[in-house]
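Next up, my_file_37.cif (mmCIF, C-alpha atoms):
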data_upload
loop_
_atom_site.label_atom_id
_atom_site.label_comp_id
_atom_site.auth_asym_id
_atom_site.auth_seq_id
_atom_site.Cartn_x
_atom_site.Cartn_y
_atom_site.Cartn_z
CA MET A 1 -47.96 -34.44 -158.48
CA VAL A 2 -48.64 -33.75 -154.82
CA ALA A 3 -47.70 -36.66 -152.59
CA PRO A 4 -50.76 -38.15 -150.86
CA ILE A 5 -51.03 -37.31 -147.18
CA THR A 6 -52.38 -40.44 -145.55
CA HIS A 7 -50.81 -40.53 -142.09
CA PHE A 8 -52.35 -37.31 -140.75
CA ASP A 9 -55.60 -37.39 -138.82
CA PRO A 10 -58.32 -35.20 -140.33
CA ALA A 11 -57.86 -31.66 -139.10
CA PRO A 12 -60.60 -30.45 -136.76
CA THR A 13 -62.92 -27.91 -138.29
CA LYS A 14 -63.19 -25.77 -135.18
CA LEU A 15 -60.79 -24.28 -132.68
CA THR A 16 -61.69 -24.93 -129.07
CA GLY A 17 -60.40 -23.64 -125.77
CA VAL A 18 -60.32 -19.90 -126.54
CA THR A 19 -63.49 -17.86 -126.16
CA ASP A 20 -62.73 -14.28 -125.06
CA LEU A 21 -62.61 -11.44 -127.61
CA VAL A 22 -59.01 -10.29 -128.07
CA ARG A 23 -57.82 -6.73 -128.64
CA VAL A 24 -54.68 -6.05 -130.71
CA ASP A 25 -52.11 -3.28 -130.67
CA LEU A 26 -49.28 -4.04 -133.10
CA THR A 27 -46.87 -1.98 -135.20
CA GLY A 28 -44.21 -2.57 -137.84
CA PRO A 29 -43.75 -5.95 -139.55
CA ALA A 30 -45.93 -7.67 -136.94
CA GLN A 31 -48.89 -5.57 -138.10
CA THR A 32 -48.78 -7.11 -141.57
CA MET A 33 -49.98 -10.41 -140.10
CA LEU A 34 -53.43 -8.88 -139.60
CA SER A 35 -53.67 -8.23 -143.34
CA THR A 36 -52.52 -11.73 -144.25
CA LEU A 37 -54.90 -13.27 -141.72
CA TYR A 38 -57.81 -11.26 -143.09
CA CYS A 39 -56.98 -12.28 -146.68
CA LYS A 40 -57.14 -15.92 -145.61
CA ALA A 41 -60.40 -15.36 -143.79
CA LEU A 42 -61.95 -13.72 -146.85
CA ASP A 43 -60.73 -16.55 -149.07
CA ALA A 44 -62.35 -19.12 -146.74
CA GLY A 45 -65.71 -17.52 -147.46
CA PHE A 46 -65.43 -17.86 -151.24
CA SER A 47 -67.37 -20.55 -153.08
CA GLN A 48 -64.08 -21.72 -154.63
CA PRO A 49 -61.33 -20.82 -152.14
CA ILE A 50 -57.62 -21.15 -152.88
CA LEU A 51 -56.63 -22.01 -149.30
CA GLY A 52 -59.96 -22.60 -147.56
CA ASP A 53 -58.61 -21.72 -144.11
CA THR A 54 -61.64 -21.94 -141.84
CA PHE A 55 -59.38 -21.43 -138.82
CA ALA A 56 -58.51 -17.96 -140.13
CA ARG A 57 -62.21 -17.06 -140.21
CA GLN A 58 -62.59 -18.17 -136.61
CA ALA A 59 -59.49 -16.21 -135.58
CA VAL A 60 -60.81 -13.02 -137.21
CA ASP A 61 -64.06 -13.44 -135.30
CA ARG A 62 -62.11 -13.64 -132.03
CA ILE A 63 -60.09 -10.46 -132.57
CA ASP A 64 -61.50 -7.04 -131.68
CA PHE A 65 -60.25 -5.00 -134.63
CA ASP A 66 -61.72 -2.77 -137.32
CA TRP A 67 -60.94 -5.05 -140.25
CA SER A 68 -62.44 -2.59 -142.72
CA SER A 69 -59.58 -0.21 -141.90
CA LEU A 70 -57.23 -2.54 -143.80
CA LYS A 71 -59.10 -1.74 -147.03
CA ILE A 72 -58.46 -5.20 -148.46
CA ALA A 73 -60.54 -6.10 -151.49
CA ASP A 74 -61.51 -9.69 -152.27
CA LEU A 75 -59.69 -9.42 -155.59
CA TRP A 76 -56.25 -9.19 -153.96
CA THR A 77 -56.48 -12.09 -151.51
CA PRO A 78 -54.63 -14.52 -153.88
CA LEU A 79 -51.42 -12.54 -153.27
CA VAL A 80 -51.46 -14.19 -149.84
CA THR A 81 -53.38 -17.43 -150.31
CA VAL A 82 -51.50 -18.73 -153.38
CA ARG A 83 -48.26 -18.56 -151.41
CA THR A 84 -49.65 -20.10 -148.24
CA ALA A 85 -51.37 -22.92 -150.13
CA GLN A 86 -48.11 -23.69 -151.95
CA TYR A 87 -46.16 -23.92 -148.69
CA ASP A 88 -48.89 -26.11 -147.19
CA ILE A 89 -48.29 -28.54 -150.06
CA TRP A 90 -44.52 -28.52 -149.62
CA ALA A 91 -44.69 -28.78 -145.83
CA ALA A 92 -47.16 -31.67 -146.06
CA GLN A 93 -44.84 -33.46 -148.47
CA PHE A 94 -41.95 -33.04 -146.04
CA LEU A 95 -44.00 -34.42 -143.16
CA ALA A 96 -45.20 -37.36 -145.23
CA ALA A 97 -41.55 -38.26 -145.85
CA HIS A 98 -40.46 -37.49 -142.26
CA PRO A 99 -43.20 -38.41 -139.76
CA HIS A 100 -40.73 -37.97 -136.87
CA ALA A 101 -39.67 -34.43 -137.76
CA THR A 102 -39.23 -31.02 -136.21
CA VAL A 103 -40.98 -28.07 -137.82
CA ILE A 104 -39.83 -24.51 -137.11
CA HIS A 105 -42.41 -22.07 -138.43
CA LEU A 106 -40.51 -18.79 -138.28
CA GLY A 107 -42.51 -15.57 -138.45
CA CYS A 108 -45.68 -17.58 -137.87
CA GLY A 109 -47.81 -14.51 -137.18
CA LEU A 110 -51.41 -15.64 -136.83
CA ASP A 111 -51.15 -18.37 -139.45
CA SER A 112 -53.01 -21.56 -138.52
CA ARG A 113 -50.76 -23.98 -140.44
CA VAL A 114 -50.24 -26.31 -137.48
CA PHE A 115 -54.01 -26.74 -137.29
CA ARG A 116 -54.53 -26.97 -141.05
CA LEU A 117 -51.87 -29.67 -141.50
CA ASN A 118 -52.61 -31.32 -138.16
CA PRO A 119 -49.25 -33.16 -138.05
CA GLY A 120 -48.90 -36.60 -136.51
CA PRO A 121 -48.07 -37.23 -132.84
CA GLU A 122 -44.34 -37.69 -133.46
CA VAL A 123 -43.85 -34.21 -134.94
CA GLN A 124 -42.45 -31.45 -132.73
CA TRP A 125 -43.80 -28.11 -133.99
CA TYR A 126 -42.37 -24.70 -133.03
CA ASP A 127 -44.19 -21.47 -133.91
CA VAL A 128 -41.72 -18.57 -133.65
CA ASP A 129 -42.34 -14.82 -133.72
CA TYR A 130 -41.96 -11.55 -131.81
CA PRO A 131 -42.99 -11.70 -128.13
CA ASP A 132 -46.12 -9.57 -128.64
CA VAL A 133 -47.20 -11.79 -131.54
CA ILE A 134 -46.72 -14.95 -129.49
CA GLU A 135 -48.78 -13.44 -126.66
CA LEU A 136 -51.54 -12.73 -129.16
CA ARG A 137 -51.37 -16.29 -130.53
CA LYS A 138 -51.88 -17.62 -127.01
CA LYS A 139 -55.13 -15.67 -126.80
CA VAL A 140 -56.40 -16.53 -130.28
CA TYR A 141 -55.37 -20.18 -130.71
CA PRO A 142 -55.47 -23.13 -128.30
CA SER A 143 -52.48 -25.28 -127.46
CA ARG A 144 -52.01 -28.85 -128.66
CA GLU A 145 -49.71 -31.79 -128.07
CA ASN A 146 -46.05 -31.32 -129.09
CA TYR A 147 -46.74 -27.70 -130.00
CA HIS A 148 -44.32 -25.03 -128.76
CA LEU A 149 -44.37 -21.23 -128.90
CA VAL A 150 -41.05 -19.35 -129.05
CA ALA A 151 -41.03 -15.60 -128.44
CA THR A 152 -37.96 -14.08 -130.07
CA SER A 153 -36.60 -11.91 -132.84
CA ALA A 154 -35.49 -13.82 -135.91
CA THR A 155 -32.23 -11.86 -136.01
CA ASP A 156 -31.09 -13.40 -132.70
CA PRO A 157 -30.32 -16.99 -133.77
CA SER A 158 -29.46 -18.13 -130.24
CA TRP A 159 -33.04 -19.41 -129.83
CA LEU A 160 -32.26 -22.13 -132.38
CA ASP A 161 -29.78 -23.68 -129.96
CA GLU A 162 -32.63 -24.44 -127.56
CA ILE A 163 -34.39 -26.68 -130.09
CA PRO A 164 -33.22 -30.33 -130.02
CA ALA A 165 -31.20 -31.28 -133.09
CA ASP A 166 -32.15 -34.94 -133.10
CA ARG A 167 -34.36 -35.30 -136.17
CA PRO A 168 -34.99 -34.00 -139.69
CA THR A 169 -35.97 -30.34 -139.45
CA LEU A 170 -38.09 -28.11 -141.63
CA LEU A 171 -37.55 -24.36 -141.39
CA LEU A 172 -40.62 -22.75 -142.89
CA ALA A 173 -40.29 -18.96 -143.17
CA GLU A 174 -43.16 -17.37 -145.05
CA GLY A 175 -43.30 -13.59 -145.40
CA ILE A 176 -40.24 -12.82 -143.28
CA SER A 177 -37.10 -12.82 -145.45
CA MET A 178 -37.77 -9.43 -146.99
CA TYR A 179 -37.71 -7.74 -143.56
CA LEU A 180 -34.21 -9.07 -142.84
CA THR A 181 -30.96 -7.62 -144.12
CA PRO A 182 -29.14 -9.87 -146.60
CA GLN A 183 -26.46 -10.61 -143.99
CA ASP A 184 -28.93 -11.43 -141.21
CA GLY A 185 -30.98 -13.59 -143.56
CA ALA A 186 -28.06 -15.61 -144.87
CA GLU A 187 -26.64 -16.06 -141.36
CA LEU A 188 -29.99 -17.30 -140.08
CA LEU A 189 -30.29 -19.91 -142.82
CA GLN A 190 -26.68 -20.98 -142.33
CA HIS A 191 -27.27 -21.41 -138.60
CA VAL A 192 -30.17 -23.77 -139.31
CA VAL A 193 -28.12 -25.81 -141.78
CA ASP A 194 -25.17 -26.03 -139.41
CA ARG A 195 -27.22 -26.99 -136.36
CA PHE A 196 -29.64 -29.64 -137.61
CA PRO A 197 -28.61 -32.96 -139.19
CA SER A 198 -30.86 -32.75 -142.25
CA GLY A 199 -34.04 -31.19 -143.49
CA GLU A 200 -35.42 -28.43 -145.65
CA LEU A 201 -35.60 -24.66 -145.91
CA GLN A 202 -38.91 -23.48 -147.34
CA ILE A 203 -38.82 -19.71 -147.70
CA ASP A 204 -40.22 -17.01 -149.95
CA PHE A 205 -38.49 -13.90 -151.31
CA TYR A 206 -39.17 -10.59 -153.02
CA ASN A 207 -36.97 -9.59 -155.94
CA TRP A 208 -35.39 -6.18 -156.57
CA VAL A 209 -38.53 -4.80 -158.23
CA THR A 210 -40.71 -5.47 -155.19
CA VAL A 211 -38.16 -4.10 -152.74
CA ARG A 212 -37.46 -0.95 -154.75
CA THR A 213 -41.17 -0.16 -155.19
CA GLN A 214 -42.07 -0.62 -151.53
CA LYS A 215 -42.94 3.07 -151.08
CA ILE A 216 -45.93 2.70 -153.40
CA GLN A 217 -47.18 -0.51 -151.76
CA ARG A 218 -50.09 0.27 -149.48
CA LEU A 219 -49.44 -2.63 -147.10
CA GLN A 220 -45.89 -1.43 -146.47
CA ARG A 221 -47.05 2.14 -145.90
CA GLN A 222 -49.74 0.99 -143.46
CA SER A 223 -47.35 -1.04 -141.33
CA GLY A 224 -44.47 1.44 -141.45
CA SER A 225 -42.09 -1.47 -142.04
CA THR A 226 -39.14 -1.54 -144.42
CA LEU A 227 -38.08 -4.17 -146.94
CA TYR A 228 -34.35 -4.97 -147.21
CA TRP A 229 -33.44 -8.35 -148.68
CA ALA A 230 -34.02 -8.75 -152.42
CA VAL A 231 -33.43 -12.18 -153.99
CA ASN A 232 -33.67 -12.46 -157.76
CA SER A 233 -33.09 -16.20 -158.20
CA PRO A 234 -32.14 -19.30 -156.18
CA GLU A 235 -28.51 -18.70 -157.17
CA ASP A 236 -28.51 -15.63 -154.89
CA VAL A 237 -29.25 -17.94 -151.95
CA LEU A 238 -27.09 -20.89 -153.00
CA LYS A 239 -23.96 -18.73 -153.22
CA ASN A 240 -24.48 -17.30 -149.70
CA VAL A 241 -25.59 -20.38 -147.75
CA ASN A 242 -23.30 -23.41 -147.69
CA GLY A 243 -24.56 -26.97 -147.69
CA ILE A 244 -27.93 -26.52 -149.35
CA ARG A 245 -29.30 -27.79 -152.65
CA LEU A 246 -32.30 -26.55 -154.56
CA LEU A 247 -35.36 -28.81 -154.61
CA ASP A 248 -37.88 -26.49 -156.22
CA ALA A 249 -38.48 -22.85 -157.00
CA THR A 250 -41.44 -21.11 -158.51
CA THR A 251 -43.09 -17.72 -158.59
CA PHE A 252 -46.53 -16.44 -157.70
CA PHE A 253 -47.52 -16.59 -161.37
CA ASP A 254 -46.05 -20.07 -161.96
CA ALA A 255 -47.01 -21.88 -158.75
CA PRO A 256 -49.43 -24.81 -159.18
CA THR A 257 -51.74 -23.14 -156.66
CA PHE A 258 -51.96 -20.09 -158.93
CA GLN A 259 -54.24 -22.12 -161.19
CA ARG A 260 -56.90 -21.82 -158.50
CA THR A 261 -57.08 -18.04 -158.96
CA SER A 262 -59.71 -16.09 -160.87
CA ALA A 263 -59.75 -15.46 -164.60
CA VAL A 264 -58.58 -11.90 -163.88
CA PHE A 265 -55.35 -13.10 -162.26
CA ARG A 266 -54.74 -15.73 -164.91
CA ALA A 267 -55.15 -13.12 -167.64
CA ALA A 268 -52.69 -10.84 -165.84
CA ALA A 269 -50.23 -13.72 -165.65
CA ARG A 270 -50.27 -14.17 -169.41
CA ALA A 271 -49.24 -10.54 -169.81
CA ILE A 272 -46.64 -10.54 -167.04
CA ARG A 273 -44.84 -13.87 -167.54
CA PRO A 274 -42.78 -12.67 -170.55
CA ILE A 275 -41.38 -9.79 -168.43
CA ARG A 276 -38.82 -11.53 -166.24
CA PRO A 277 -38.43 -8.89 -163.47
CA LEU A 278 -42.22 -8.75 -163.00
CA ARG A 279 -42.64 -12.50 -163.21
CA GLY A 280 -40.13 -12.95 -160.36
CA MET A 281 -41.48 -10.31 -158.00
CA LEU A 282 -42.82 -12.96 -155.59
CA GLN A 283 -40.70 -16.11 -155.36
CA TYR A 284 -41.18 -19.38 -153.48
CA HIS A 285 -38.05 -21.49 -152.82
CA ARG A 286 -37.47 -24.95 -151.38
CA TYR A 287 -33.99 -26.24 -150.42
CA ALA A 288 -32.69 -29.42 -148.82
CA PHE A 289 -29.67 -29.87 -146.57
CA GLY A 290 -27.90 -32.80 -145.00
CA PRO A 291 -26.87 -36.17 -146.49
CA LEU A 292 -28.50 -37.32 -149.71
CA LYS A 293 -30.69 -40.40 -149.40
CA LEU A 294 -29.61 -43.17 -151.76
CA ASN A 295 -32.27 -45.55 -153.05
#

Starting from the file, give its structure as structure tokens.
Amino acid sequence: MVAPITHFDPAPTKLTGVTDLVRVDLTGPAQTMLSTLYCKALDAGFSQPILGDTFARQAVDRIDFDWSSLKIADLWTPLVTVRTAQYDIWAAQFLAAHPHATVIHLGCGLDSRVFRLNPGPEVQWYDVDYPDVIELRKKVYPSRENYHLVATSATDPSWLDEIPADRPTLLLAEGISMYLTPQDGAELLQHVVDRFPSGELQIDFYNWVTVRTQKIQRLQRQSGSTLYWAVNSPEDVLKNVNGIRLLDATTFFDAPTFQRTSAVFRAAARAIRPIRPLRGMLQYHRYAFGPLKLN
């Protein structure tokens, strides 16, 4: 059962403070954020959305881009929104338990999570991505109290040392692990665990099937990016990152948020679930680190 979120103020329904139309010119992994943003915007227009991200719709309206060039059909939006909705649930649970926390949203792209969750005034939130992505965020989204933007590459962990290590910390990395090498990915997670006193790692992975079939995936071909890190189960992470323990792990087809998808997706799930490599193509993991709390 999802823990009730009672300490957050209701999230505003509109973004204010940014009015000019914004042009974009992105390549490589950063370009994929346009596709994920558009999927969320489409979902927000459905009568029964999975995520219901109205901020994504507003962001799309502010960006001068030929969205039709992405060739994204409504049918495929759950591939993005199921994942994002699941991490919203887990992140909200973490914040409910730790109202004085730090959140590091790595590879934030144009995701509006800080606005959707609208964390309390004692939360320090860091959105982290490539410099050109951060510049675009500044034009698309307004600032807010205790909200920080960090322009850096994820493979240079020195930026973590600039974030105060004085409170429970959530590293939320959605849609980034697969673009890292296994060594860079494991070192990044280890750096977080070693630096901060306690917290969680909430991160998604592709398995070997998804990585090996990247050449036939249209999104990968469009962006020109390459997938590297394949994770087939939580054990692959646990054996390479010291000091973490598994809290939860699920797949696209098994996530609670998957039940919000259409009958077409649910029918596909019934056929795919018995085939383990296909069932685990898209994985969502949640780990804890630091001292165990004793009741």

- Item | Selection: 9 Å around Val231 (chain A), all atoms listed in the file, excl. self and same-chain fewer than 2 positions, as a VMD selection string | chain A and resid 178 182 205 to 208 229 233 to 237 283

- Query: Could you state the separation of CA of Gly290 (chain A) and CA of Arg195 (chain A) in Å, given to one decimal place?
  - Reply: 10.4 Å

Hey, what comes out of the PyMOL selection byres ((chain A and resi 44) around 12) on this file? Could you write it as a PDB file with C-alpha atoms, in the frame of the given file?
ATOM      1  CA  LEU A  37     -54.900 -13.270-141.720  1.00  0.00           C
ATOM      2  CA  TYR A  38     -57.810 -11.260-143.090  1.00  0.00           C
ATOM      3  CA  CYS A  39     -56.980 -12.280-146.680  1.00  0.00           C
ATOM      4  CA  LYS A  40     -57.140 -15.920-145.610  1.00  0.00           C
ATOM      5  CA  ALA A  41     -60.400 -15.360-143.790  1.00  0.00           C
ATOM      6  CA  LEU A  42     -61.950 -13.720-146.850  1.00  0.00           C
ATOM      7  CA  ASP A  43     -60.730 -16.550-149.070  1.00  0.00           C
ATOM      8  CA  GLY A  45     -65.710 -17.520-147.460  1.00  0.00           C
ATOM      9  CA  PHE A  46     -65.430 -17.860-151.240  1.00  0.00           C
ATOM     10  CA  SER A  47     -67.370 -20.550-153.080  1.00  0.00           C
ATOM     11  CA  GLN A  48     -64.080 -21.720-154.630  1.00  0.00           C
ATOM     12  CA  PRO A  49     -61.330 -20.820-152.140  1.00  0.00           C
ATOM     13  CA  ILE A  50     -57.620 -21.150-152.880  1.00  0.00           C
ATOM     14  CA  LEU A  51     -56.630 -22.010-149.300  1.00  0.00           C
ATOM     15  CA  GLY A  52     -59.960 -22.600-147.560  1.00  0.00           C
ATOM     16  CA  ASP A  53     -58.610 -21.720-144.110  1.00  0.00           C
ATOM     17  CA  THR A  54     -61.640 -21.940-141.840  1.00  0.00           C
ATOM     18  CA  PHE A  55     -59.380 -21.430-138.820  1.00  0.00           C
ATOM     19  CA  ALA A  56     -58.510 -17.960-140.130  1.00  0.00           C
ATOM     20  CA  ARG A  57     -62.210 -17.060-140.210  1.00  0.00           C
ATOM     21  CA  GLN A  58     -62.590 -18.170-136.610  1.00  0.00           C
ATOM     22  CA  ALA A  59     -59.490 -16.210-135.580  1.00  0.00           C
ATOM     23  CA  VAL A  60     -60.810 -13.020-137.210  1.00  0.00           C
ATOM     24  CA  ASP A  74     -61.510  -9.690-152.270  1.00  0.00           C
ATOM     25  CA  THR A  77     -56.480 -12.090-151.510  1.00  0.00           C
ATOM     26  CA  PRO A  78     -54.630 -14.520-153.880  1.00  0.00           C
ATOM     27  CA  THR A  81     -53.380 -17.430-150.310  1.00  0.00           C
TER      28      THR A  81
END

- Item | Residue with smallest distance to Pro168 (chain A) - pool A:Asp64, A:Asp25, A:Asp184, A:Glu200, counting all atoms listed in the file |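 Under the stated criterion, the closest residue is A:Glu200.
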
- Query: Which residues match the PyMOL selection byres ((chain A and resi 176) around 9) in the file above, as a VMD selection string?
  - Reply: chain A and resid 29 106 to 107 154 173 to 175 177 to 180 203 to 205

Output for the residues just chosen: C-alpha atoms as a PDB file, in the frame of the given file:
ATOM      1  CA  PRO A  29     -43.750  -5.950-139.550  1.00  0.00           C
ATOM      2  CA  LEU A 106     -40.510 -18.790-138.280  1.00  0.00           C
ATOM      3  CA  GLY A 107     -42.510 -15.570-138.450  1.00  0.00           C
ATOM      4  CA  ALA A 154     -35.490 -13.820-135.910  1.00  0.00           C
ATOM      5  CA  ALA A 173     -40.290 -18.960-143.170  1.00  0.00           C
ATOM      6  CA  GLU A 174     -43.160 -17.370-145.050  1.00  0.00           C
ATOM      7  CA  GLY A 175     -43.300 -13.590-145.400  1.00  0.00           C
ATOM      8  CA  SER A 177     -37.100 -12.820-145.450  1.00  0.00           C
ATOM      9  CA  MET A 178     -37.770  -9.430-146.990  1.00  0.00           C
ATOM     10  CA  TYR A 179     -37.710  -7.740-143.560  1.00  0.00           C
ATOM     11  CA  LEU A 180     -34.210  -9.070-142.840  1.00  0.00           C
ATOM     12  CA  ILE A 203     -38.820 -19.710-147.700  1.00  0.00           C
ATOM     13  CA  ASP A 204     -40.220 -17.010-149.950  1.00  0.00           C
ATOM     14  CA  PHE A 205     -38.490 -13.900-151.310  1.00  0.00           C
TER      15      PHE A 205
END

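Relative to CA of Thr251 (chain A), CA of Val80 (chain A) is found at 12.6 Å.
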
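The residue set within 8 Å of Phe252 (chain A), counting only C-alpha atoms and dropping same-chain residues fewer than 3 places from it, reads A:Leu79, A:Val82, A:Arg83, A:Ala255, A:Phe258, A:Arg279, A:Gly280, A:Met281, A:Leu282, A:Gln283, A:Tyr284.
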
- Any idea what the distance is between CA of Val209 (chain A) and CA of His105 (chain A)?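 Interatomic distance, CA of Val209 (chain A) to CA of His105 (chain A): 26.6 Å.
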
Do a neighbour search on Tyr130 (chain A) at 9 Å with all atoms listed in the file, toss out local chain neighbours closer than 5 positions, and write the hits as a JSON list (two decimals) with C-alpha atoms, in the frame of the given file.
[["chain", "number", "residue", "atom", "x", "y", "z"],
["A", 30, "ALA", "CA", -45.93, -7.67, -136.94],
["A", 107, "GLY", "CA", -42.51, -15.57, -138.45],
["A", 109, "GLY", "CA", -47.81, -14.51, -137.18],
["A", 135, "GLU", "CA", -48.78, -13.44, -126.66],
["A", 150, "VAL", "CA", -41.05, -19.35, -129.05],
["A", 151, "ALA", "CA", -41.03, -15.60, -128.44],
["A", 152, "THR", "CA", -37.96, -14.08, -130.07],
["A", 153, "SER", "CA", -36.60, -11.91, -132.84],
["A", 154, "ALA", "CA", -35.49, -13.82, -135.91]]

- Message: List the spatial neighbours of Thr169 (chain A) as a ChimeraX atom specification - criterion: any atom at most 6 Å away, only C-alpha atoms, same-chain residues fewer than 6 positions off excluded.
- Response: /A:101-103,199

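Considering only C-alpha atoms, the residue among A:Leu170, A:Ile163, A:Val241, A:Tyr147 positioned nearest to Ala92 (chain A) is A:Leu170.
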
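Residue neighbourhood of region 196-198 of chain A, excluding near-sequence residues (fewer than 2 positions): A:Ala165, A:Arg167, A:Pro168, A:Thr169, A:Val192, A:Val193, A:Asp194, A:Phe289, A:Gly290, A:Pro291, at 7 Å, using only C-alpha atoms.
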
Mind dumping a table of every region 135-194 of chain A residue within 9 Å of region 110-122 of chain A, with the nearest atom pair and its distance in Å to one decimal, using only C-alpha atoms, sorted by chain and rising number, as a tab-separated table?
residue	atom	partner	partner_atom	distance
A:Leu136	CA	A:Leu110	CA	8.2
A:Arg137	CA	A:Leu110	CA	6.3
A:Val140	CA	A:Leu110	CA	8.3
A:Tyr141	CA	A:Ser112	CA	8.3
A:Glu145	CA	A:Pro121	CA	7.4
A:Asn146	CA	A:Pro121	CA	7.3
A:Tyr147	CA	A:Val114	CA	8.4
